[in-house]
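> For reference, the file data16.cif (mmCIF, C-alpha atoms) is included below:
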```cif
data_query
#
loop_
_atom_site.group_PDB
_atom_site.id
_atom_site.type_symbol
_atom_site.label_atom_id
_atom_site.label_comp_id
_atom_site.auth_asym_id
_atom_site.auth_seq_id
_atom_site.Cartn_x
_atom_site.Cartn_y
_atom_site.Cartn_z
ATOM 1 C CA MET B 1 -63.158 -16.725 21.348
ATOM 2 C CA GLY B 2 -66.231 -14.491 21.380
ATOM 3 C CA GLY B 3 -65.623 -10.880 22.316
ATOM 4 C CA ASN B 4 -67.743 -8.358 24.160
ATOM 5 C CA ALA B 5 -67.113 -4.624 23.846
ATOM 6 C CA ILE B 6 -65.954 -2.910 26.980
ATOM 7 C CA TYR B 7 -65.489 0.840 26.945
ATOM 8 C CA GLY B 8 -62.435 2.134 28.694
ATOM 9 C CA ALA B 9 -60.351 5.263 28.553
ATOM 10 C CA MET B 10 -61.413 7.864 26.027
ATOM 11 C CA ASN B 11 -64.558 5.802 25.245
ATOM 12 C CA LYS B 12 -62.651 3.593 22.809
ATOM 13 C CA PRO B 13 -63.872 -0.004 22.706
ATOM 14 C CA SER B 14 -61.576 -2.754 23.837
ATOM 15 C CA THR B 15 -62.410 -6.442 24.171
ATOM 16 C CA LEU B 16 -63.263 -8.616 27.143
ATOM 17 C CA SER B 17 -63.200 -12.219 25.965
ATOM 18 C CA ALA B 18 -65.793 -14.794 26.909
ATOM 19 C CA PRO B 19 -65.632 -18.562 26.514
ATOM 20 C CA GLU B 20 -67.137 -20.063 23.368
ATOM 21 C CA ARG B 21 -70.898 -20.463 23.725
ATOM 22 C CA ASP B 22 -74.049 -20.840 21.698
ATOM 23 C CA THR B 23 -75.345 -17.343 22.517
ATOM 24 C CA GLU B 24 -73.692 -13.962 22.036
ATOM 25 C CA GLY B 25 -72.668 -12.094 25.166
ATOM 26 C CA PHE B 26 -73.154 -12.587 28.873
ATOM 27 C CA THR B 27 -76.379 -13.203 30.778
ATOM 28 C CA ALA B 28 -77.576 -11.237 33.803
ATOM 29 C CA ALA B 29 -76.938 -14.329 35.957
ATOM 30 C CA GLU B 30 -73.341 -14.603 34.707
ATOM 31 C CA PHE B 31 -72.840 -10.898 35.280
ATOM 32 C CA ALA B 32 -74.175 -11.189 38.842
ATOM 33 C CA MET B 33 -71.767 -14.066 39.490
ATOM 34 C CA MET B 34 -68.816 -12.036 38.163
ATOM 35 C CA VAL B 35 -69.782 -9.012 40.284
ATOM 36 C CA GLY B 36 -70.252 -11.253 43.323
ATOM 37 C CA CYS B 37 -66.768 -12.720 42.843
ATOM 38 C CA GLY B 38 -65.211 -9.244 42.737
ATOM 39 C CA ALA B 39 -64.326 -9.306 39.045
ATOM 40 C CA PHE B 40 -65.087 -5.598 38.724
ATOM 41 C CA ALA B 41 -64.126 -4.424 42.211
ATOM 42 C CA ASP B 42 -62.019 -1.561 40.876
ATOM 43 C CA MET B 43 -64.438 -0.281 38.209
ATOM 44 C CA ARG B 44 -68.059 0.636 37.571
ATOM 45 C CA VAL B 45 -69.680 -1.525 34.904
ATOM 46 C CA GLU B 46 -73.091 -2.294 33.430
ATOM 47 C CA LEU B 47 -74.308 -5.220 31.347
ATOM 48 C CA VAL B 48 -75.819 -3.764 28.181
ATOM 49 C CA ARG B 49 -77.532 -6.276 25.905
ATOM 50 C CA GLY B 50 -74.994 -8.957 26.811
ATOM 51 C CA LYS B 51 -71.943 -6.709 26.659
ATOM 52 C CA ILE B 52 -69.983 -5.490 29.666
ATOM 53 C CA VAL B 53 -69.618 -1.708 29.421
ATOM 54 C CA ARG B 54 -67.318 0.275 31.662
ATOM 55 C CA MET B 55 -68.916 3.408 33.102
ATOM 56 C CA SER B 56 -67.001 6.640 33.511
ATOM 57 C CA PRO B 57 -66.320 7.809 37.056
ATOM 58 C CA ALA B 58 -68.754 10.487 38.230
ATOM 59 C CA TYR B 59 -67.554 14.088 38.164
ATOM 60 C CA VAL B 60 -68.106 16.301 41.205
ATOM 61 C CA ALA B 61 -70.990 18.212 39.572
ATOM 62 C CA HIS B 62 -72.736 14.924 38.728
ATOM 63 C CA SER B 63 -72.267 13.508 42.236
ATOM 64 C CA ARG B 64 -73.481 16.738 43.792
ATOM 65 C CA ARG B 65 -76.625 16.775 41.636
ATOM 66 C CA VAL B 66 -77.380 13.128 42.553
ATOM 67 C CA ALA B 67 -77.036 14.034 46.255
ATOM 68 C CA LEU B 68 -79.276 17.113 45.870
ATOM 69 C CA VAL B 69 -81.998 15.177 44.030
ATOM 70 C CA THR B 70 -81.885 12.337 46.564
ATOM 71 C CA GLY B 71 -82.156 14.869 49.403
ATOM 72 C CA ALA B 72 -85.096 16.632 47.719
ATOM 73 C CA LEU B 73 -86.872 13.293 47.241
ATOM 74 C CA TYR B 74 -86.365 12.312 50.890
ATOM 75 C CA ALA B 75 -87.624 15.726 52.013
ATOM 76 C CA ALA B 76 -90.768 15.358 49.874
ATOM 77 C CA LEU B 77 -91.462 11.643 50.433
ATOM 78 C CA GLY B 78 -90.198 11.022 53.946
ATOM 79 C CA LYS B 79 -87.404 8.903 55.344
ATOM 80 C CA ASP B 80 -89.289 5.654 54.684
ATOM 81 C CA ALA B 81 -89.178 6.148 50.891
ATOM 82 C CA LEU B 82 -87.239 3.334 49.244
ATOM 83 C CA LEU B 83 -84.631 5.456 47.478
ATOM 84 C CA LEU B 84 -81.480 3.762 46.184
ATOM 85 C CA VAL B 85 -78.389 5.414 44.728
ATOM 86 C CA ASP B 86 -76.545 3.612 41.916
ATOM 87 C CA PRO B 87 -78.243 0.202 42.357
ATOM 88 C CA MET B 88 -77.868 -2.626 39.853
ATOM 89 C CA VAL B 89 -81.247 -3.137 38.134
ATOM 90 C CA ALA B 90 -81.800 -6.310 36.088
ATOM 91 C CA LEU B 91 -83.893 -5.227 33.107
ATOM 92 C CA ASP B 92 -83.949 -8.643 31.422
ATOM 93 C CA ASP B 93 -81.705 -11.676 30.848
ATOM 94 C CA THR B 94 -79.023 -9.626 29.059
ATOM 95 C CA SER B 95 -79.087 -6.146 30.628
ATOM 96 C CA VAL B 96 -78.232 -4.931 34.113
ATOM 97 C CA LEU B 97 -78.031 -1.140 34.380
ATOM 98 C CA ALA B 98 -77.175 1.150 37.278
ATOM 99 C CA PRO B 99 -79.459 4.206 37.277
ATOM 100 C CA ASP B 100 -78.183 7.117 39.357
ATOM 101 C CA ILE B 101 -81.281 7.006 41.594
ATOM 102 C CA VAL B 102 -84.150 4.542 41.919
ATOM 103 C CA LEU B 103 -87.432 4.858 43.757
ATOM 104 C CA ALA B 104 -88.401 1.278 44.539
ATOM 105 C CA VAL B 105 -91.964 0.061 45.017
ATOM 106 C CA PRO B 106 -92.904 -0.528 48.671
ATOM 107 C CA GLY B 107 -91.993 -3.952 50.016
ATOM 108 C CA PRO B 108 -88.921 -5.964 50.874
ATOM 109 C CA LEU B 109 -85.891 -5.454 48.642
ATOM 110 C CA PRO B 110 -83.821 -8.391 47.410
ATOM 111 C CA GLU B 111 -80.083 -8.676 47.956
ATOM 112 C CA GLY B 112 -77.965 -8.170 44.853
ATOM 113 C CA GLN B 113 -79.654 -7.006 41.665
ATOM 114 C CA LEU B 114 -83.001 -5.251 41.876
ATOM 115 C CA PRO B 115 -85.560 -6.641 39.404
ATOM 116 C CA ALA B 116 -87.136 -4.064 37.072
ATOM 117 C CA ARG B 117 -90.597 -4.856 38.460
ATOM 118 C CA ALA B 118 -89.439 -3.425 41.825
ATOM 119 C CA VAL B 119 -88.639 -0.013 40.275
ATOM 120 C CA SER B 120 -91.318 2.650 40.138
ATOM 121 C CA LEU B 121 -88.961 5.455 39.012
ATOM 122 C CA ALA B 122 -85.468 5.358 37.477
ATOM 123 C CA ILE B 123 -83.443 8.588 37.329
ATOM 124 C CA GLU B 124 -80.348 9.393 35.313
ATOM 125 C CA VAL B 125 -78.462 12.647 35.888
ATOM 126 C CA ALA B 126 -77.018 13.616 32.519
ATOM 127 C CA ASP B 127 -74.107 15.868 31.805
ATOM 128 C CA THR B 128 -71.838 13.992 29.383
ATOM 129 C CA THR B 129 -74.310 11.085 28.857
ATOM 130 C CA LEU B 130 -77.404 12.913 27.615
ATOM 131 C CA SER B 131 -77.744 11.253 24.181
ATOM 132 C CA ARG B 132 -77.335 7.758 25.666
ATOM 133 C CA ASP B 133 -79.784 8.472 28.513
ATOM 134 C CA LEU B 134 -82.427 9.897 26.154
ATOM 135 C CA GLY B 135 -81.814 7.190 23.538
ATOM 136 C CA TRP B 136 -81.184 3.498 24.109
ATOM 137 C CA LYS B 137 -81.445 3.687 27.920
ATOM 138 C CA ALA B 138 -84.966 5.129 27.642
ATOM 139 C CA GLN B 139 -85.918 2.292 25.272
ATOM 140 C CA ASP B 140 -84.451 -0.382 27.553
ATOM 141 C CA TYR B 141 -86.109 0.999 30.706
ATOM 142 C CA ALA B 142 -89.449 1.157 28.865
ATOM 143 C CA ARG B 143 -89.156 -2.416 27.533
ATOM 144 C CA ALA B 144 -88.450 -3.560 31.100
ATOM 145 C CA GLY B 145 -91.739 -1.952 32.199
ATOM 146 C CA ILE B 146 -90.323 0.754 34.477
ATOM 147 C CA GLY B 147 -93.304 3.077 34.893
ATOM 148 C CA GLN B 148 -91.484 6.379 34.971
ATOM 149 C CA TYR B 149 -88.012 7.456 33.890
ATOM 150 C CA TRP B 150 -86.417 10.856 34.455
ATOM 151 C CA VAL B 151 -83.391 12.235 32.647
ATOM 152 C CA MET B 152 -82.084 15.335 34.399
ATOM 153 C CA ASP B 153 -80.215 17.460 31.878
ATOM 154 C CA VAL B 154 -77.802 19.415 34.082
ATOM 155 C CA THR B 155 -76.668 21.724 31.253
ATOM 156 C CA ALA B 156 -80.146 22.783 30.081
ATOM 157 C CA GLU B 157 -81.565 22.606 33.637
ATOM 158 C CA VAL B 158 -84.579 20.543 32.581
ATOM 159 C CA THR B 159 -85.918 17.092 33.406
ATOM 160 C CA HIS B 160 -87.205 14.839 30.636
ATOM 161 C CA VAL B 161 -90.074 12.829 32.161
ATOM 162 C CA PHE B 162 -90.903 9.588 30.333
ATOM 163 C CA THR B 163 -94.145 7.702 31.081
ATOM 164 C CA GLU B 164 -96.392 5.055 29.488
ATOM 165 C CA PRO B 165 -93.779 2.341 28.852
ATOM 166 C CA ASN B 166 -94.270 -0.188 26.075
ATOM 167 C CA LEU B 167 -92.082 -2.493 23.986
ATOM 168 C CA GLU B 168 -91.224 0.321 21.539
ATOM 169 C CA GLY B 169 -90.204 2.845 24.209
ATOM 170 C CA TYR B 170 -92.100 5.365 26.307
ATOM 171 C CA GLY B 171 -95.391 6.629 24.891
ATOM 172 C CA LYS B 172 -95.204 10.038 26.527
ATOM 173 C CA ARG B 173 -92.387 12.503 27.205
ATOM 174 C CA VAL B 174 -92.634 15.959 28.779
ATOM 175 C CA VAL B 175 -89.897 18.420 29.675
ATOM 176 C CA ILE B 176 -90.031 20.221 33.027
ATOM 177 C CA ARG B 177 -87.691 23.075 33.971
ATOM 178 C CA PHE B 178 -85.736 22.742 37.225
ATOM 179 C CA THR B 179 -87.652 25.795 38.540
ATOM 180 C CA GLU B 180 -91.029 24.053 38.074
ATOM 181 C CA PRO B 181 -92.576 21.419 40.390
ATOM 182 C CA LEU B 182 -91.769 17.856 39.331
ATOM 183 C CA PRO B 183 -94.489 15.388 40.444
ATOM 184 C CA VAL B 184 -93.186 12.141 41.974
ATOM 185 C CA PRO B 185 -95.001 8.994 40.775
ATOM 186 C CA SER B 186 -97.145 7.076 43.285
ATOM 187 C CA TYR B 187 -96.880 9.935 45.810
ATOM 188 C CA ASP B 188 -98.908 13.069 46.382
ATOM 189 C CA ALA B 189 -95.678 15.074 46.304
ATOM 190 C CA SER B 190 -93.393 16.994 43.997
ATOM 191 C CA ILE B 191 -89.860 18.371 44.088
ATOM 192 C CA THR B 192 -88.281 21.500 42.651
ATOM 193 C CA LEU B 193 -84.650 21.264 41.576
ATOM 194 C CA ALA B 194 -83.615 24.932 41.288
#
```
Give the structure from the file, written as structure tokens.

Amino acid sequence: MGGNAIYGAMNKPSTLSAPERDTEGFTAAEFAMMVGCGAFADMRVELVRGKIVRMSPAYVAHSRRVALVTGALYAALGKDALLLVDPMVALDDTSVLAPDIVLAVPGPLPEGQLPARAVSLAIEVADTTLSRDLGWKAQDYARAGIGQYWVMDVTAEVTHVFTEPNLEGYGKRVVIRFTEPLPVPSYDASITLA
């Protein structure tokens, strides 16, 4: 049987077996079917390049920061802004990630997974996940064509702003302190996180 890594307690890999198949790992469609059937009802998971990866539960500080950022965005953009917290975003046929916050492009939203083309801004709040959020997640969001990606480093109190996505990653990255205005893409607005 083929095995896919799944990260559980203490971030040690364990195995979730899949039936024999010609390709390695699960597809986004298979993942959506499993989620829809309640296979992961008691855990938070993402599909990362065909592998099901268990996400750690959010600590209070992380949850509070997500709530504060969402509130600041609503205050700056208005109640009609299409802000989503912890949505499933299908990046491609083998990856479905759950950014902490998404600003969707205007228009109707689909049920289930949000396609990457419907995301104008993806935000990750990083405390224990900084290297992952600045590394492979930034590459995957860029390859999917997400126009802007923010990584909010709670410890350093800065936001890494990635723009100009391409197949190699983001072409531009700037760092903005929480005390400085942070411009919101596609809006004539900014937020300050201090």
> Given 4 Å of margin on each side, can you work out the centre and size in Å (one decimal) of an axis-aligned box holding every listed atom of segment 132-144 of chain B, as lines of an AutoDock Vina configuration file?

```
center_x = -83.4
center_y = 3.2
center_z = 27.3
size_x = 20.1
size_y = 21.5
size_z = 15.6
```
> When you count all atoms listed in the file, which of these residues is closest to Trp136 of chain B: B:Ala29, B:Leu109, B:Val48, B:Ala75?
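Of B:Ala29, B:Leu109, B:Val48, B:Ala75, the one nearest Trp136 of chain B is B:Val48, counting all atoms listed in the file.
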> Mind checking which residues fall within 6 Å of segment 137-144 of chain B, counting only C-alpha atoms, ignoring those fewer than 6 positions away in the same chain, and posting them as a ChimeraX atom specification?
/B:91,165-167,169-170
> Around (-77.9, 2.1, 45.7), as given in the file, which residues come within 9 Å? Count only C-alpha atoms and list them as a PyMOL selection string.
chain B and resi 83-88+98-102
> Do you know which residues the PyMOL selection byres ((chain B and resi 192) around 6) returns on this file, as a ChimeraX atom specification?
/B:179-181,191,193-194
> Could you state which residues are captured by the PyMOL selection byres ((chain B and resi 37-44) around 12) in this file, as a list in words?
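Output from the PyMOL selection byres ((chain B and resi 37-44) around 12), applied to this file: Ile6, Tyr7, Gly8, Ala9, Leu16, Glu30, Phe31, Ala32, Met33, Met34, Val35, Gly36, Val45, Glu46, Leu47, Ile52, Val53, Arg54, Met55, Ser56, Pro57, Ala58, Asp86, Pro87, Met88, Leu97, Ala98 and Pro99 of chain B.
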> Can you turn the PyMOL selection byres ((chain B and resi 160) around 8) into a concrete residue list for this file, as JSON, numbers by chain?
{"B": [150, 151, 152, 153, 158, 159, 161, 162, 173, 174, 175, 176]}
> Quick one: everything within 10 Å of Ser190 of chain B, counting only C-alpha atoms, minus sequence neighbours fewer than 4 positions away in the same chain. Send it as a list in words.
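Counting only C-alpha atoms, the residues come to Ala72, Leu73, Ala75, Ala76, Leu77, Glu180, Pro181, Leu182, Pro183, Val184 and Pro185 of chain B.
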> Between atom CA of Gly147 of chain B and atom CA of Val119 of chain B, what distance in Å does the model show, to one decimal?
7.8 Å
> Using all atoms listed in the file for the distances, tell me which of B:Leu121, B:Thr155, B:Gly25, B:Leu134 is nearest to Ser186 of chain B.
B:Leu121
> Taking into account only C-alpha atoms, which residue in the set B:Ala90, B:Val69, B:Leu82, B:Leu130 is nearest to Gly50 of chain B?
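Nearest candidate to Gly50 of chain B out of B:Ala90, B:Val69, B:Leu82, B:Leu130: B:Ala90.
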> Rounded to one decimal in Å, what is the spacing between atom CA of Leu114 of chain B and atom CA of Lys51 of chain B?
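Here the two named atoms are 18.9 Å from each other.
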> Interatomic distance between atom CA of Tyr149 of chain B and atom CA of Ser95 of chain B?
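For atom CA of Tyr149 of chain B relative to atom CA of Ser95 of chain B, the distance reads 16.6 Å.
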> Just checking: using only C-alpha atoms, which residue out of B:Ala156, B:His62, B:Ala81, B:Glu164 ends up closest to Gly107 of chain B?
B:Ala81
> Pick from B:Ala61, B:Gln148, B:Asp80, B:Ala104: nearest to Lys172 of chain B, with all atoms listed in the file counted?
B:Gln148
> Counting only C-alpha atoms, which residue out of B:Arg117, B:Lys79, B:Arg177, B:Arg132 sits closest to Glu157 of chain B?
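Looking only at the distances to Glu157 of chain B, the closest residue turns out to be B:Arg177.
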